[in-house]
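Participant: File name run.cif; file contents mmCIF, N, CA, C and O atoms; full text below.
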```
data_start
#
loop_
_atom_site.label_atom_id
_atom_site.label_comp_id
_atom_site.auth_asym_id
_atom_site.auth_seq_id
_atom_site.Cartn_x
_atom_site.Cartn_y
_atom_site.Cartn_z
N MET N 26 -26.16 -36.64 32.47
CA MET N 26 -27.33 -35.93 32.97
C MET N 26 -27.08 -35.43 34.40
O MET N 26 -27.53 -34.33 34.74
N GLU N 27 -26.39 -36.23 35.19
CA GLU N 27 -26.13 -35.82 36.58
C GLU N 27 -25.25 -34.56 36.64
O GLU N 27 -25.45 -33.70 37.48
N TYR N 28 -24.30 -34.48 35.72
CA TYR N 28 -23.42 -33.31 35.70
C TYR N 28 -24.20 -32.05 35.31
O TYR N 28 -23.96 -30.97 35.86
N LEU N 29 -25.11 -32.18 34.39
CA LEU N 29 -25.95 -31.06 33.99
C LEU N 29 -26.82 -30.60 35.15
O LEU N 29 -26.94 -29.40 35.42
N LEU N 30 -27.42 -31.55 35.86
CA LEU N 30 -28.24 -31.20 37.02
C LEU N 30 -27.41 -30.53 38.11
O LEU N 30 -27.86 -29.56 38.73
N ALA N 31 -26.20 -31.01 38.31
CA ALA N 31 -25.32 -30.40 39.31
C ALA N 31 -24.97 -28.97 38.90
O ALA N 31 -25.00 -28.06 39.75
N ALA N 32 -24.66 -28.75 37.63
CA ALA N 32 -24.33 -27.39 37.16
C ALA N 32 -25.53 -26.46 37.30
O ALA N 32 -25.39 -25.30 37.71
N LEU N 33 -26.73 -26.96 36.97
CA LEU N 33 -27.94 -26.14 37.13
C LEU N 33 -28.19 -25.78 38.59
O LEU N 33 -28.55 -24.64 38.91
N ALA N 34 -28.01 -26.75 39.48
CA ALA N 34 -28.22 -26.51 40.91
C ALA N 34 -27.20 -25.50 41.44
O ALA N 34 -27.56 -24.58 42.19
N VAL N 35 -25.95 -25.65 41.06
CA VAL N 35 -24.91 -24.73 41.51
C VAL N 35 -25.20 -23.32 40.99
O VAL N 35 -25.08 -22.34 41.73
N TYR N 36 -25.59 -23.22 39.73
CA TYR N 36 -25.94 -21.91 39.16
C TYR N 36 -27.06 -21.27 39.96
O TYR N 36 -26.98 -20.09 40.31
N ARG N 37 -28.09 -22.02 40.23
CA ARG N 37 -29.26 -21.46 40.92
C ARG N 37 -28.92 -20.98 42.33
O ARG N 37 -29.29 -19.88 42.74
N VAL N 38 -28.19 -21.78 43.06
CA VAL N 38 -27.85 -21.41 44.44
C VAL N 38 -26.89 -20.21 44.44
O VAL N 38 -27.05 -19.29 45.24
N ALA N 39 -25.90 -20.22 43.54
CA ALA N 39 -24.96 -19.10 43.47
C ALA N 39 -25.69 -17.80 43.13
O ALA N 39 -25.42 -16.75 43.71
N ARG N 40 -26.62 -17.87 42.20
CA ARG N 40 -27.38 -16.68 41.81
C ARG N 40 -28.26 -16.19 42.96
O ARG N 40 -28.36 -14.99 43.20
N MET N 41 -28.88 -17.12 43.66
CA MET N 41 -29.73 -16.72 44.79
C MET N 41 -28.91 -16.01 45.86
O MET N 41 -29.31 -14.96 46.35
N ILE N 42 -27.78 -16.59 46.24
CA ILE N 42 -26.98 -16.00 47.32
C ILE N 42 -26.43 -14.63 46.91
O ILE N 42 -26.47 -13.69 47.70
N ALA N 43 -25.93 -14.51 45.69
CA ALA N 43 -25.27 -13.27 45.28
C ALA N 43 -26.21 -12.16 44.85
O ALA N 43 -25.90 -10.98 45.05
N LEU N 44 -27.37 -12.51 44.28
CA LEU N 44 -28.19 -11.49 43.63
C LEU N 44 -29.63 -11.36 44.10
O LEU N 44 -30.30 -10.40 43.75
N GLU N 45 -30.13 -12.32 44.84
CA GLU N 45 -31.54 -12.29 45.23
C GLU N 45 -31.69 -12.09 46.72
O GLU N 45 -30.75 -12.26 47.49
N ASP N 46 -32.91 -11.76 47.14
CA ASP N 46 -33.19 -11.52 48.55
C ASP N 46 -33.26 -12.80 49.36
O ASP N 46 -32.81 -12.85 50.49
N GLY N 47 -33.84 -13.84 48.78
CA GLY N 47 -33.94 -15.12 49.47
C GLY N 47 -35.08 -15.15 50.46
O GLY N 47 -35.75 -14.15 50.71
N PRO N 48 -35.31 -16.32 51.05
CA PRO N 48 -36.39 -16.45 52.02
C PRO N 48 -36.07 -15.63 53.29
O PRO N 48 -34.94 -15.66 53.78
N LEU N 49 -37.06 -14.91 53.75
CA LEU N 49 -36.93 -14.05 54.93
C LEU N 49 -35.78 -13.04 54.79
O LEU N 49 -35.17 -12.63 55.77
N ASN N 50 -35.48 -12.67 53.55
CA ASN N 50 -34.39 -11.72 53.25
C ASN N 50 -33.03 -12.18 53.77
O ASN N 50 -32.16 -11.37 54.06
N LEU N 51 -32.86 -13.48 53.90
CA LEU N 51 -31.62 -14.03 54.42
C LEU N 51 -30.43 -13.66 53.54
O LEU N 51 -29.39 -13.22 54.03
N PHE N 52 -30.57 -13.81 52.23
CA PHE N 52 -29.47 -13.50 51.33
C PHE N 52 -29.25 -11.99 51.23
O PHE N 52 -28.11 -11.54 51.08
N ALA N 53 -30.32 -11.22 51.33
CA ALA N 53 -30.18 -9.75 51.31
C ALA N 53 -29.38 -9.28 52.52
O ALA N 53 -28.54 -8.39 52.40
N LYS N 54 -29.59 -9.90 53.67
CA LYS N 54 -28.83 -9.54 54.87
C LYS N 54 -27.37 -9.90 54.70
O LYS N 54 -26.48 -9.14 55.11
N LEU N 55 -27.10 -11.04 54.10
CA LEU N 55 -25.73 -11.45 53.83
C LEU N 55 -25.06 -10.49 52.85
O LEU N 55 -23.90 -10.09 53.04
N GLN N 56 -25.79 -10.08 51.83
CA GLN N 56 -25.26 -9.12 50.86
C GLN N 56 -25.01 -7.76 51.51
O GLN N 56 -24.00 -7.11 51.23
N ASP N 57 -25.92 -7.34 52.38
CA ASP N 57 -25.75 -6.07 53.08
C ASP N 57 -24.50 -6.11 53.98
O ASP N 57 -23.81 -5.11 54.13
N TRP N 58 -24.23 -7.26 54.58
CA TRP N 58 -23.03 -7.42 55.39
C TRP N 58 -21.78 -7.35 54.51
O TRP N 58 -20.78 -6.73 54.87
N ALA N 59 -21.83 -7.99 53.35
CA ALA N 59 -20.65 -8.10 52.49
C ALA N 59 -20.34 -6.83 51.72
O ALA N 59 -19.17 -6.55 51.44
N GLU N 60 -21.35 -6.07 51.37
CA GLU N 60 -21.16 -4.89 50.50
C GLU N 60 -20.08 -3.93 51.00
O GLU N 60 -19.14 -3.63 50.26
N PRO N 61 -20.16 -3.44 52.23
CA PRO N 61 -19.13 -2.48 52.66
C PRO N 61 -17.76 -3.13 52.92
O PRO N 61 -16.75 -2.44 52.99
N ARG N 62 -17.70 -4.44 53.05
CA ARG N 62 -16.46 -5.11 53.38
C ARG N 62 -15.72 -5.66 52.16
O ARG N 62 -14.61 -6.18 52.29
N GLN N 63 -16.30 -5.59 50.99
CA GLN N 63 -15.74 -6.28 49.84
C GLN N 63 -14.38 -5.76 49.39
O GLN N 63 -13.62 -6.48 48.76
N GLU N 64 -14.05 -4.53 49.70
CA GLU N 64 -12.75 -3.98 49.29
C GLU N 64 -11.59 -4.64 50.04
O GLU N 64 -10.51 -4.80 49.49
N LYS N 65 -11.81 -5.02 51.29
CA LYS N 65 -10.72 -5.53 52.13
C LYS N 65 -10.87 -6.99 52.49
O LYS N 65 -9.98 -7.57 53.10
N ASN N 66 -11.98 -7.61 52.13
CA ASN N 66 -12.26 -8.97 52.58
C ASN N 66 -12.58 -9.85 51.38
O ASN N 66 -13.61 -9.66 50.73
N TRP N 67 -11.75 -10.83 51.10
CA TRP N 67 -11.97 -11.70 49.94
C TRP N 67 -13.25 -12.52 50.11
O TRP N 67 -13.92 -12.83 49.13
N PHE N 68 -13.59 -12.88 51.33
CA PHE N 68 -14.80 -13.66 51.58
C PHE N 68 -16.04 -12.84 51.24
O PHE N 68 -16.96 -13.32 50.57
N ALA N 69 -16.07 -11.60 51.66
CA ALA N 69 -17.19 -10.71 51.36
C ALA N 69 -17.30 -10.47 49.86
O ALA N 69 -18.40 -10.46 49.29
N LYS N 70 -16.18 -10.30 49.20
CA LYS N 70 -16.18 -10.09 47.75
C LYS N 70 -16.74 -11.32 47.04
O LYS N 70 -17.48 -11.20 46.07
N GLY N 71 -16.38 -12.49 47.52
CA GLY N 71 -16.86 -13.74 46.92
C GLY N 71 -18.35 -13.96 47.09
O GLY N 71 -18.99 -14.56 46.22
N ILE N 72 -18.93 -13.48 48.16
CA ILE N 72 -20.36 -13.63 48.40
C ILE N 72 -21.17 -12.85 47.37
O ILE N 72 -22.26 -13.24 47.00
N LEU N 73 -20.63 -11.76 46.88
CA LEU N 73 -21.34 -10.92 45.94
C LEU N 73 -21.10 -11.31 44.48
O LEU N 73 -21.62 -10.68 43.58
N CYS N 74 -20.34 -12.36 44.25
CA CYS N 74 -19.97 -12.77 42.90
C CYS N 74 -20.51 -14.17 42.59
O CYS N 74 -20.02 -15.16 43.15
N PRO N 75 -21.51 -14.29 41.72
CA PRO N 75 -22.05 -15.61 41.39
C PRO N 75 -21.01 -16.54 40.77
O PRO N 75 -21.05 -17.76 40.99
N LEU N 76 -20.06 -15.99 40.03
CA LEU N 76 -19.02 -16.82 39.44
C LEU N 76 -18.09 -17.39 40.51
O LEU N 76 -17.70 -18.56 40.44
N CYS N 77 -17.75 -16.59 41.49
CA CYS N 77 -16.91 -17.05 42.60
C CYS N 77 -17.65 -18.10 43.43
O CYS N 77 -17.09 -19.12 43.82
N LEU N 78 -18.91 -17.82 43.70
CA LEU N 78 -19.71 -18.77 44.47
C LEU N 78 -19.86 -20.11 43.77
O LEU N 78 -19.85 -21.16 44.41
N SER N 79 -19.99 -20.09 42.45
CA SER N 79 -20.16 -21.35 41.73
C SER N 79 -18.93 -22.24 41.89
O SER N 79 -19.05 -23.46 41.94
N TRP N 80 -17.76 -21.64 42.00
CA TRP N 80 -16.53 -22.42 42.21
C TRP N 80 -16.61 -23.19 43.53
O TRP N 80 -16.34 -24.38 43.58
N TRP N 81 -16.99 -22.50 44.60
CA TRP N 81 -17.04 -23.15 45.92
C TRP N 81 -18.26 -24.05 46.08
O TRP N 81 -18.19 -25.08 46.74
N LEU N 82 -19.39 -23.69 45.50
CA LEU N 82 -20.59 -24.50 45.62
C LEU N 82 -20.52 -25.78 44.80
O LEU N 82 -21.24 -26.75 45.10
N ALA N 83 -19.69 -25.82 43.80
CA ALA N 83 -19.54 -27.04 43.00
C ALA N 83 -18.83 -28.13 43.79
O ALA N 83 -19.06 -29.33 43.54
N LEU N 84 -18.01 -27.77 44.73
CA LEU N 84 -17.25 -28.76 45.50
C LEU N 84 -18.13 -29.76 46.25
O LEU N 84 -17.92 -30.97 46.12
N PRO N 85 -19.14 -29.33 47.01
CA PRO N 85 -19.94 -30.33 47.72
C PRO N 85 -20.80 -31.21 46.81
O PRO N 85 -21.23 -32.28 47.23
N THR N 86 -21.01 -30.80 45.57
CA THR N 86 -21.80 -31.64 44.68
C THR N 86 -21.05 -32.92 44.30
O THR N 86 -21.66 -33.89 43.88
N LEU N 87 -19.74 -32.92 44.47
CA LEU N 87 -18.95 -34.12 44.16
C LEU N 87 -19.33 -35.30 45.04
O LEU N 87 -19.11 -36.45 44.68
N TYR N 88 -19.92 -35.01 46.19
CA TYR N 88 -20.37 -36.07 47.10
C TYR N 88 -21.37 -37.00 46.43
O TYR N 88 -21.45 -38.18 46.75
N PHE N 89 -22.15 -36.49 45.49
CA PHE N 89 -23.21 -37.26 44.87
C PHE N 89 -22.75 -38.15 43.73
O PHE N 89 -23.53 -38.93 43.20
N PHE N 90 -21.48 -38.05 43.35
CA PHE N 90 -20.98 -38.86 42.25
C PHE N 90 -20.24 -40.07 42.79
O PHE N 90 -19.74 -40.06 43.90
N GLN N 91 -20.17 -41.10 41.96
CA GLN N 91 -19.49 -42.33 42.36
C GLN N 91 -18.06 -42.02 42.75
O GLN N 91 -17.53 -40.98 42.37
N PRO N 92 -17.42 -42.91 43.46
CA PRO N 92 -16.01 -42.66 43.81
C PRO N 92 -15.17 -42.43 42.56
O PRO N 92 -15.24 -43.19 41.60
N LEU N 93 -14.41 -41.38 42.57
CA LEU N 93 -13.59 -40.99 41.43
C LEU N 93 -12.13 -40.87 41.89
O LEU N 93 -11.86 -40.74 43.08
N SER N 94 -11.23 -40.88 40.94
CA SER N 94 -9.83 -40.63 41.27
C SER N 94 -9.66 -39.14 41.59
O SER N 94 -10.55 -38.33 41.31
N ALA N 95 -8.52 -38.79 42.14
CA ALA N 95 -8.27 -37.38 42.49
C ALA N 95 -8.35 -36.49 41.26
O ALA N 95 -8.94 -35.40 41.31
N ALA N 96 -7.80 -36.94 40.15
CA ALA N 96 -7.85 -36.16 38.92
C ALA N 96 -9.29 -36.02 38.41
O ALA N 96 -9.68 -34.95 37.95
N GLN N 97 -10.07 -37.08 38.52
CA GLN N 97 -11.47 -37.02 38.09
C GLN N 97 -12.28 -36.09 38.98
O GLN N 97 -13.17 -35.39 38.51
N TYR N 98 -12.00 -36.08 40.29
CA TYR N 98 -12.68 -35.15 41.19
C TYR N 98 -12.39 -33.70 40.79
O TYR N 98 -13.29 -32.88 40.72
N MET N 99 -11.14 -33.41 40.52
CA MET N 99 -10.77 -32.04 40.14
C MET N 99 -11.42 -31.64 38.82
O MET N 99 -11.96 -30.54 38.69
N LEU N 100 -11.38 -32.55 37.86
CA LEU N 100 -11.98 -32.27 36.56
C LEU N 100 -13.50 -32.08 36.68
O LEU N 100 -14.07 -31.16 36.08
N THR N 101 -14.14 -32.90 37.48
CA THR N 101 -15.58 -32.79 37.69
C THR N 101 -15.92 -31.49 38.40
O THR N 101 -16.89 -30.81 38.05
N TRP N 102 -15.13 -31.13 39.40
CA TRP N 102 -15.33 -29.87 40.12
C TRP N 102 -15.26 -28.69 39.16
O TRP N 102 -16.13 -27.82 39.13
N LEU N 103 -14.22 -28.68 38.32
CA LEU N 103 -14.07 -27.60 37.35
C LEU N 103 -15.19 -27.60 36.32
O LEU N 103 -15.67 -26.54 35.91
N ALA N 104 -15.62 -28.77 35.89
CA ALA N 104 -16.68 -28.87 34.88
C ALA N 104 -18.01 -28.34 35.42
O ALA N 104 -18.71 -27.59 34.73
N ILE N 105 -18.34 -28.69 36.63
CA ILE N 105 -19.61 -28.23 37.22
C ILE N 105 -19.56 -26.72 37.45
O ILE N 105 -20.51 -26.00 37.11
N ALA N 106 -18.46 -26.23 38.00
CA ALA N 106 -18.32 -24.78 38.22
C ALA N 106 -18.32 -24.05 36.88
O ALA N 106 -18.93 -22.98 36.75
N GLY N 107 -17.65 -24.61 35.89
CA GLY N 107 -17.63 -23.99 34.57
C GLY N 107 -18.99 -23.97 33.91
O GLY N 107 -19.37 -22.98 33.28
N GLY N 108 -19.74 -25.06 34.06
CA GLY N 108 -21.09 -25.11 33.52
C GLY N 108 -21.99 -24.06 34.15
O GLY N 108 -22.76 -23.38 33.47
N ALA N 109 -21.87 -23.92 35.47
CA ALA N 109 -22.66 -22.90 36.17
C ALA N 109 -22.24 -21.50 35.71
O ALA N 109 -23.09 -20.62 35.54
N ALA N 110 -20.95 -21.28 35.52
CA ALA N 110 -20.47 -19.97 35.07
C ALA N 110 -20.98 -19.66 33.67
O ALA N 110 -21.40 -18.52 33.40
N VAL N 111 -20.98 -20.64 32.79
CA VAL N 111 -21.50 -20.43 31.43
C VAL N 111 -22.98 -20.08 31.48
O VAL N 111 -23.44 -19.15 30.80
N LEU N 112 -23.74 -20.78 32.31
CA LEU N 112 -25.17 -20.48 32.45
C LEU N 112 -25.37 -19.06 32.94
O LEU N 112 -26.23 -18.32 32.45
N TYR N 113 -24.57 -18.64 33.91
CA TYR N 113 -24.69 -17.28 34.43
C TYR N 113 -24.36 -16.25 33.35
O TYR N 113 -25.10 -15.28 33.16
N LEU N 114 -23.27 -16.46 32.63
CA LEU N 114 -22.87 -15.50 31.61
C LEU N 114 -23.88 -15.42 30.47
O LEU N 114 -24.12 -14.34 29.92
N ILE N 115 -24.49 -16.53 30.12
CA ILE N 115 -25.52 -16.53 29.06
C ILE N 115 -26.78 -15.80 29.52
O ILE N 115 -27.34 -15.00 28.78
N THR N 116 -27.22 -16.08 30.74
CA THR N 116 -28.48 -15.51 31.21
C THR N 116 -28.37 -14.04 31.60
O THR N 116 -29.36 -13.33 31.61
N GLU N 117 -27.18 -13.57 31.92
CA GLU N 117 -27.03 -12.19 32.36
C GLU N 117 -26.75 -11.23 31.21
O GLU N 117 -26.61 -10.04 31.43
N ARG N 118 -26.65 -11.71 30.02
CA ARG N 118 -26.40 -10.82 28.87
C ARG N 118 -27.67 -10.27 28.32
O ARG N 118 -28.71 -10.65 28.38
#
```
So that I can check it, write out the structure of this file as structure tokens.

Facilitator:
Amino acid sequence: MEYLLAALAVYRVARMIALEDGPLNLFAKLQDWAEPRQEKNWFAKGILCPLCLSWWLALPTLYFFQPLSAAQYMLTWLAIAGGAAVLYLITER
């Protein structure tokens, strides 16, 4: 259940940052900054991509899980990011 909640949270935050205006248009300002720079800047390109964001946003969620081995951390990171990516691909079709 915790992994599902983590994937849902990562999906929601990634979608908000990449596609929505956000509170006080904070995310819209970030998107406006990234839009003209995305051709030459990998960071700007990543801000506009919910799938890319889910990869990086899944990493801090590992803090909430019990101590794991290095392999388990990597697998959990990939699973949460993958779950968020699947949610995005399903909802955007």

Participant: Identify all residues of chain N in alpha helix (DSSP H) (DSSP on the backbone) and supply them as a VMD selection string.

Facilitator: chain N and resid 27 to 44 51 to 59 67 to 72 75 to 86 95 to 116

Participant: With distances taken over only C-alpha atoms, which of N:Leu51, N:Ala32, N:Ala69, N:Ala43 is nearest to N:Gly107?

Facilitator: N:Ala32

Participant: Can you tell me how far atom N of N:Leu114 sits from atom O of N:Gln91, in Å to one decimal?

Facilitator: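 Computing it gives 27.0 Å between the two atoms.
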
Participant: Interatomic distance between atom CA of N:Pro61 and atom CA of N:Ile42?

Facilitator: 16.5 Å

Participant: Quick one: of N:Leu30, N:Met41, N:Trp58, N:Ile105, who's nearest to N:Leu84, counting only C-alpha atoms?

Facilitator: N:Ile105
